[in-house]
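Participant: Data file work.cif (mmCIF, N, CA and C atoms) is appended below.
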data_entry
#
loop_
_atom_site.label_atom_id
_atom_site.label_comp_id
_atom_site.auth_asym_id
_atom_site.auth_seq_id
_atom_site.Cartn_x
_atom_site.Cartn_y
_atom_site.Cartn_z
N MET A 63 94.56 123.38 75.44
CA MET A 63 93.33 122.88 74.87
C MET A 63 92.16 123.70 75.43
N GLU A 64 91.40 124.32 74.56
CA GLU A 64 90.23 125.11 74.94
C GLU A 64 89.03 124.18 75.02
N THR A 65 88.37 124.20 76.13
CA THR A 65 87.16 123.41 76.28
C THR A 65 86.04 124.33 76.74
N ASN A 66 84.92 124.29 76.04
CA ASN A 66 83.76 125.09 76.43
C ASN A 66 82.83 124.21 77.25
N TYR A 67 82.65 124.58 78.51
CA TYR A 67 81.78 123.82 79.38
C TYR A 67 80.46 124.56 79.56
N THR A 68 79.40 123.81 79.67
CA THR A 68 78.12 124.42 80.01
C THR A 68 78.15 124.73 81.50
N GLU A 69 77.17 125.50 81.93
CA GLU A 69 77.10 125.88 83.35
C GLU A 69 76.99 124.64 84.23
N ARG A 70 76.20 123.66 83.82
CA ARG A 70 76.03 122.43 84.60
C ARG A 70 77.33 121.64 84.68
N GLU A 71 78.06 121.53 83.56
CA GLU A 71 79.34 120.81 83.56
C GLU A 71 80.36 121.51 84.46
N ARG A 72 80.40 122.84 84.39
CA ARG A 72 81.32 123.59 85.25
C ARG A 72 80.97 123.38 86.71
N TYR A 73 79.67 123.41 87.03
CA TYR A 73 79.23 123.18 88.40
C TYR A 73 79.66 121.80 88.87
N TYR A 74 79.48 120.78 88.03
CA TYR A 74 79.87 119.41 88.38
C TYR A 74 81.36 119.31 88.63
N GLN A 75 82.18 119.93 87.76
CA GLN A 75 83.64 119.90 87.93
C GLN A 75 84.07 120.59 89.23
N ILE A 76 83.45 121.74 89.51
CA ILE A 76 83.79 122.46 90.74
C ILE A 76 83.33 121.67 91.96
N GLN A 77 82.17 121.05 91.87
CA GLN A 77 81.68 120.24 92.98
C GLN A 77 82.63 119.08 93.25
N LYS A 78 83.13 118.43 92.18
CA LYS A 78 84.09 117.34 92.36
C LYS A 78 85.34 117.84 93.07
N LYS A 79 85.83 119.02 92.69
CA LYS A 79 87.03 119.59 93.30
C LYS A 79 86.80 119.88 94.78
N VAL A 80 85.65 120.44 95.11
CA VAL A 80 85.34 120.74 96.51
C VAL A 80 85.26 119.46 97.34
N VAL A 81 84.69 118.40 96.78
CA VAL A 81 84.63 117.12 97.49
C VAL A 81 86.04 116.57 97.71
N GLU A 82 86.92 116.68 96.71
CA GLU A 82 88.31 116.24 96.87
C GLU A 82 89.01 117.00 97.98
N ILE A 83 88.79 118.31 98.03
CA ILE A 83 89.43 119.14 99.06
C ILE A 83 88.90 118.75 100.44
N ARG A 84 87.58 118.55 100.55
CA ARG A 84 86.99 118.14 101.83
C ARG A 84 87.57 116.81 102.29
N LYS A 85 87.67 115.86 101.37
CA LYS A 85 88.23 114.54 101.72
C LYS A 85 89.69 114.66 102.15
N PHE A 86 90.44 115.57 101.52
CA PHE A 86 91.82 115.77 101.94
C PHE A 86 91.87 116.26 103.38
N TYR A 87 91.04 117.25 103.71
CA TYR A 87 91.04 117.78 105.08
C TYR A 87 90.59 116.73 106.09
N GLU A 88 89.66 115.87 105.69
CA GLU A 88 89.27 114.76 106.57
C GLU A 88 90.45 113.82 106.79
N HIS A 89 91.16 113.50 105.72
CA HIS A 89 92.35 112.64 105.80
C HIS A 89 93.40 113.27 106.72
N LEU A 90 93.62 114.56 106.56
CA LEU A 90 94.58 115.28 107.39
C LEU A 90 94.17 115.24 108.86
N ALA A 91 92.89 115.44 109.14
CA ALA A 91 92.40 115.41 110.53
C ALA A 91 92.58 114.03 111.15
N VAL A 92 92.25 112.98 110.40
CA VAL A 92 92.43 111.62 110.91
C VAL A 92 93.91 111.35 111.18
N TYR A 93 94.77 111.81 110.29
CA TYR A 93 96.21 111.65 110.46
C TYR A 93 96.69 112.32 111.75
N VAL A 94 96.28 113.56 111.97
CA VAL A 94 96.74 114.30 113.14
C VAL A 94 96.23 113.66 114.42
N VAL A 95 94.93 113.37 114.49
CA VAL A 95 94.35 112.80 115.71
C VAL A 95 94.93 111.42 115.99
N SER A 96 95.00 110.57 114.98
CA SER A 96 95.52 109.22 115.17
C SER A 96 96.97 109.23 115.64
N ASN A 97 97.76 110.08 115.01
CA ASN A 97 99.18 110.09 115.39
C ASN A 97 99.39 110.75 116.75
N LEU A 98 98.57 111.70 117.13
CA LEU A 98 98.66 112.25 118.49
C LEU A 98 98.38 111.16 119.52
N ILE A 99 97.36 110.34 119.26
CA ILE A 99 97.05 109.23 120.16
C ILE A 99 98.22 108.25 120.22
N LEU A 100 98.78 107.91 119.06
CA LEU A 100 99.93 106.99 119.04
C LEU A 100 101.14 107.56 119.78
N ILE A 101 101.37 108.85 119.63
CA ILE A 101 102.50 109.48 120.33
C ILE A 101 102.30 109.40 121.83
N VAL A 102 101.09 109.72 122.30
CA VAL A 102 100.82 109.65 123.74
C VAL A 102 100.97 108.23 124.26
N VAL A 103 100.39 107.27 123.54
CA VAL A 103 100.51 105.86 123.96
C VAL A 103 101.98 105.43 123.99
N ASN A 104 102.73 105.78 122.94
CA ASN A 104 104.14 105.41 122.86
C ASN A 104 104.94 106.01 124.01
N LEU A 105 104.76 107.30 124.26
CA LEU A 105 105.56 107.97 125.28
C LEU A 105 105.18 107.56 126.70
N THR A 106 103.96 107.08 126.90
CA THR A 106 103.57 106.62 128.24
C THR A 106 103.93 105.16 128.47
N THR A 107 103.96 104.35 127.43
CA THR A 107 104.23 102.92 127.63
C THR A 107 105.69 102.55 127.42
N SER A 108 106.33 103.10 126.43
CA SER A 108 107.73 102.74 126.15
C SER A 108 108.47 103.94 125.57
N PRO A 109 108.80 104.91 126.42
CA PRO A 109 109.44 106.13 125.91
C PRO A 109 110.87 105.89 125.39
N GLY A 110 111.44 104.76 125.68
CA GLY A 110 112.80 104.48 125.20
C GLY A 110 112.86 104.15 123.72
N TYR A 111 111.76 103.71 123.15
CA TYR A 111 111.71 103.36 121.72
C TYR A 111 110.56 104.12 121.08
N LEU A 112 110.85 104.98 120.15
CA LEU A 112 109.84 105.82 119.51
C LEU A 112 109.23 105.12 118.29
N TRP A 113 108.38 104.13 118.56
CA TRP A 113 107.78 103.37 117.47
C TRP A 113 106.70 104.14 116.73
N PHE A 114 106.19 105.23 117.31
CA PHE A 114 105.15 105.99 116.62
C PHE A 114 105.66 106.57 115.29
N LEU A 115 106.99 106.69 115.16
CA LEU A 115 107.56 107.22 113.91
C LEU A 115 107.26 106.31 112.71
N TRP A 116 107.06 105.00 112.99
CA TRP A 116 106.75 104.06 111.90
C TRP A 116 105.39 104.35 111.28
N SER A 117 104.53 105.04 112.01
CA SER A 117 103.25 105.47 111.46
C SER A 117 103.32 106.91 110.96
N LEU A 118 103.96 107.75 111.72
CA LEU A 118 104.00 109.17 111.45
C LEU A 118 104.64 109.51 110.10
N VAL A 119 105.79 108.93 109.82
CA VAL A 119 106.55 109.30 108.63
C VAL A 119 105.90 108.82 107.32
N PRO A 120 105.64 107.51 107.15
CA PRO A 120 105.06 107.10 105.86
C PRO A 120 103.67 107.66 105.62
N TRP A 121 102.86 107.70 106.67
CA TRP A 121 101.51 108.26 106.53
C TRP A 121 101.60 109.75 106.24
N GLY A 122 102.56 110.43 106.84
CA GLY A 122 102.77 111.85 106.58
C GLY A 122 103.14 112.11 105.13
N ILE A 123 103.99 111.25 104.58
CA ILE A 123 104.35 111.37 103.17
C ILE A 123 103.12 111.20 102.29
N ALA A 124 102.26 110.23 102.65
CA ALA A 124 101.04 110.00 101.88
C ALA A 124 100.11 111.21 101.96
N VAL A 125 100.00 111.83 103.13
CA VAL A 125 99.15 113.01 103.28
C VAL A 125 99.70 114.17 102.45
N ILE A 126 101.00 114.35 102.47
CA ILE A 126 101.63 115.42 101.68
C ILE A 126 101.37 115.21 100.19
N LEU A 127 101.58 113.99 99.71
CA LEU A 127 101.34 113.70 98.29
C LEU A 127 99.87 113.89 97.93
N ASP A 128 98.98 113.50 98.82
CA ASP A 128 97.55 113.69 98.58
C ASP A 128 97.22 115.19 98.49
N GLY A 129 97.79 115.98 99.38
CA GLY A 129 97.57 117.42 99.34
C GLY A 129 98.11 118.05 98.07
N LEU A 130 99.29 117.62 97.65
CA LEU A 130 99.86 118.14 96.41
C LEU A 130 98.98 117.79 95.22
N ARG A 131 98.43 116.59 95.23
CA ARG A 131 97.54 116.17 94.14
C ARG A 131 96.25 116.98 94.15
N VAL A 132 95.64 117.11 95.31
CA VAL A 132 94.36 117.80 95.41
C VAL A 132 94.48 119.27 95.01
N PHE A 133 95.56 119.91 95.44
CA PHE A 133 95.71 121.34 95.17
C PHE A 133 96.48 121.63 93.88
N GLY A 134 96.78 120.56 93.12
CA GLY A 134 97.32 120.74 91.78
C GLY A 134 98.79 121.07 91.69
N TYR A 135 99.60 120.62 92.64
CA TYR A 135 101.02 120.92 92.61
C TYR A 135 101.89 119.75 92.17
N LEU A 136 101.30 118.61 91.87
CA LEU A 136 102.09 117.47 91.40
C LEU A 136 102.46 117.69 89.94
N PRO A 137 103.73 117.50 89.59
CA PRO A 137 104.14 117.71 88.19
C PRO A 137 103.73 116.56 87.26
N PHE A 138 103.23 115.49 87.82
CA PHE A 138 102.84 114.34 87.01
C PHE A 138 101.41 113.95 87.37
N PHE A 139 100.73 113.31 86.43
CA PHE A 139 99.34 112.89 86.58
C PHE A 139 98.42 114.06 86.94
N ASN A 140 98.63 115.20 86.30
CA ASN A 140 97.80 116.37 86.54
C ASN A 140 96.72 116.46 85.46
N LYS A 141 95.98 117.56 85.44
CA LYS A 141 94.88 117.73 84.48
C LYS A 141 95.37 117.69 83.03
N GLU A 142 96.52 118.31 82.76
CA GLU A 142 97.05 118.29 81.38
C GLU A 142 97.36 116.86 80.95
N TRP A 143 97.92 116.07 81.85
CA TRP A 143 98.23 114.67 81.55
C TRP A 143 96.93 113.92 81.25
N GLU A 144 95.90 114.18 82.08
CA GLU A 144 94.61 113.53 81.86
C GLU A 144 94.04 113.88 80.49
N GLU A 145 94.12 115.15 80.13
CA GLU A 145 93.60 115.58 78.82
C GLU A 145 94.36 114.91 77.68
N ARG A 146 95.70 114.82 77.81
CA ARG A 146 96.50 114.16 76.77
C ARG A 146 96.11 112.70 76.64
N LYS A 147 95.92 112.03 77.77
CA LYS A 147 95.56 110.61 77.75
C LYS A 147 94.18 110.41 77.13
N ILE A 148 93.25 111.27 77.48
CA ILE A 148 91.91 111.18 76.92
C ILE A 148 91.97 111.32 75.40
N LYS A 149 92.73 112.33 74.92
CA LYS A 149 92.86 112.51 73.47
C LYS A 149 93.51 111.28 72.83
N GLU A 150 94.55 110.75 73.50
CA GLU A 150 95.26 109.59 72.97
C GLU A 150 94.31 108.40 72.84
N PHE A 151 93.53 108.11 73.88
CA PHE A 151 92.61 106.98 73.83
C PHE A 151 91.48 107.21 72.83
N MET A 152 91.04 108.45 72.70
CA MET A 152 90.00 108.75 71.72
C MET A 152 90.52 108.53 70.30
N GLU A 153 91.78 108.91 70.05
CA GLU A 153 92.38 108.69 68.73
C GLU A 153 92.52 107.20 68.44
N LYS A 154 92.99 106.43 69.45
CA LYS A 154 93.12 104.99 69.26
C LYS A 154 91.76 104.36 68.99
N ASP A 155 90.75 104.80 69.74
CA ASP A 155 89.42 104.27 69.55
C ASP A 155 88.89 104.61 68.16
N LYS A 156 89.17 105.81 67.72
CA LYS A 156 88.75 106.24 66.39
C LYS A 156 89.43 105.39 65.31
N GLU A 157 90.75 105.12 65.50
CA GLU A 157 91.47 104.28 64.54
C GLU A 157 90.91 102.87 64.52
N ASN A 158 90.60 102.32 65.70
CA ASN A 158 90.05 100.98 65.78
C ASN A 158 88.68 100.90 65.08
N LEU A 159 87.90 101.93 65.19
CA LEU A 159 86.59 101.92 64.52
C LEU A 159 86.75 101.99 63.01
N ASN A 160 87.79 102.68 62.54
CA ASN A 160 88.03 102.77 61.10
C ASN A 160 88.49 101.44 60.51
N TRP A 161 89.11 100.59 61.31
CA TRP A 161 89.59 99.30 60.81
C TRP A 161 88.47 98.29 60.67
N LYS A 162 87.39 98.50 61.36
CA LYS A 162 86.29 97.51 61.33
C LYS A 162 85.37 97.74 60.19
#
Show me, as structure tokens, the structure contained in the file I just sent.

Facilitator:
Amino acid sequence: METNYTERERYYQIQKKVVEIRKFYEHLAVYVVSNLILIVVNLTTSPGYLWFLWSLVPWGIAVILDGLRVFGYLPFFNKEWEERKIKEFMEKDKENLNWK
């Protein structure tokens, strides 16, 4: 699908992308710092049971999925999917207006 964007629209889209990337890096930093603290606390208080893994693994999966989404590597719910859905809803809306 060819879309012609004005300079302002392109700037807005790029700005949104940069904000998403910044938020991802913030998320990644919070993940690393928080889990380092949990690892230290776990290993100093109860090294026999590694409970920090209960935070590290699921949160790590979430960070990975977020990164894949932000950088456009997810095979589902990507820009093409969004464009198809927008067209689909616009067609349905158009049909609904024709019935009235």

Participant: Between atom C of Gly110 of chain A and atom C of Asn97 of chain A, what distance in Å does the model show, to one decimal?

Facilitator: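 Between atom C of Gly110 of chain A and atom C of Asn97 of chain A the gap works out to 16.5 Å.
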
Participant: Measuring atom to atom with only N, CA and C atoms, identify which of A:Tyr74, A:Trp116, A:Phe86, A:Phe151 is nearest to Asp128 of chain A.

Facilitator: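 Between A:Tyr74, A:Trp116, A:Phe86, A:Phe151, the residue approaching Asp128 of chain A most closely is A:Phe86.
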
Participant: One number please: atom C of Glu144 of chain A to atom CA of Gln77 of chain A, in Å, one decimal.

Facilitator: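 Separating atom C of Glu144 of chain A from atom CA of Gln77 of chain A is a distance of 18.7 Å.
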
Participant: What is the distance between atom N of Leu136 of chain A and atom C of Lys79 of chain A, in Å to one decimal?

Facilitator: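 These atoms are spaced 14.8 Å apart.
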
Participant: Assign secondary structure with DSSP using the backbone only, and return the residues of chain A in alpha helix (DSSP H) as an MDAnalysis selection string.

Facilitator: chainID A and resid 69:107 115:132 141:161

Participant: Between A:Leu118, A:Leu159, A:Ile83, A:Leu105, single out the one closest to Val132 of chain A, counting only N, CA and C atoms.

Facilitator: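 Closest residue, counting only N, CA and C atoms: A:Ile83.
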
Participant: Name the residues in contact with Trp113 of chain A at a cut-off of 9 Å, using only C-alpha atoms, excluding same-chain residues fewer than 5 positions from it; report them as a PyMOL selection string.

Facilitator: chain A and resi 100-101+104+108

Participant: List the spatial neighbours of Leu90 of chain A as an MDAnalysis selection string - criterion: any atom at most 12 Å away, only C-alpha atoms, same-chain residues fewer than 6 positions off excluded.

Facilitator: chainID A and resid 83:84 96:97 118 121:129
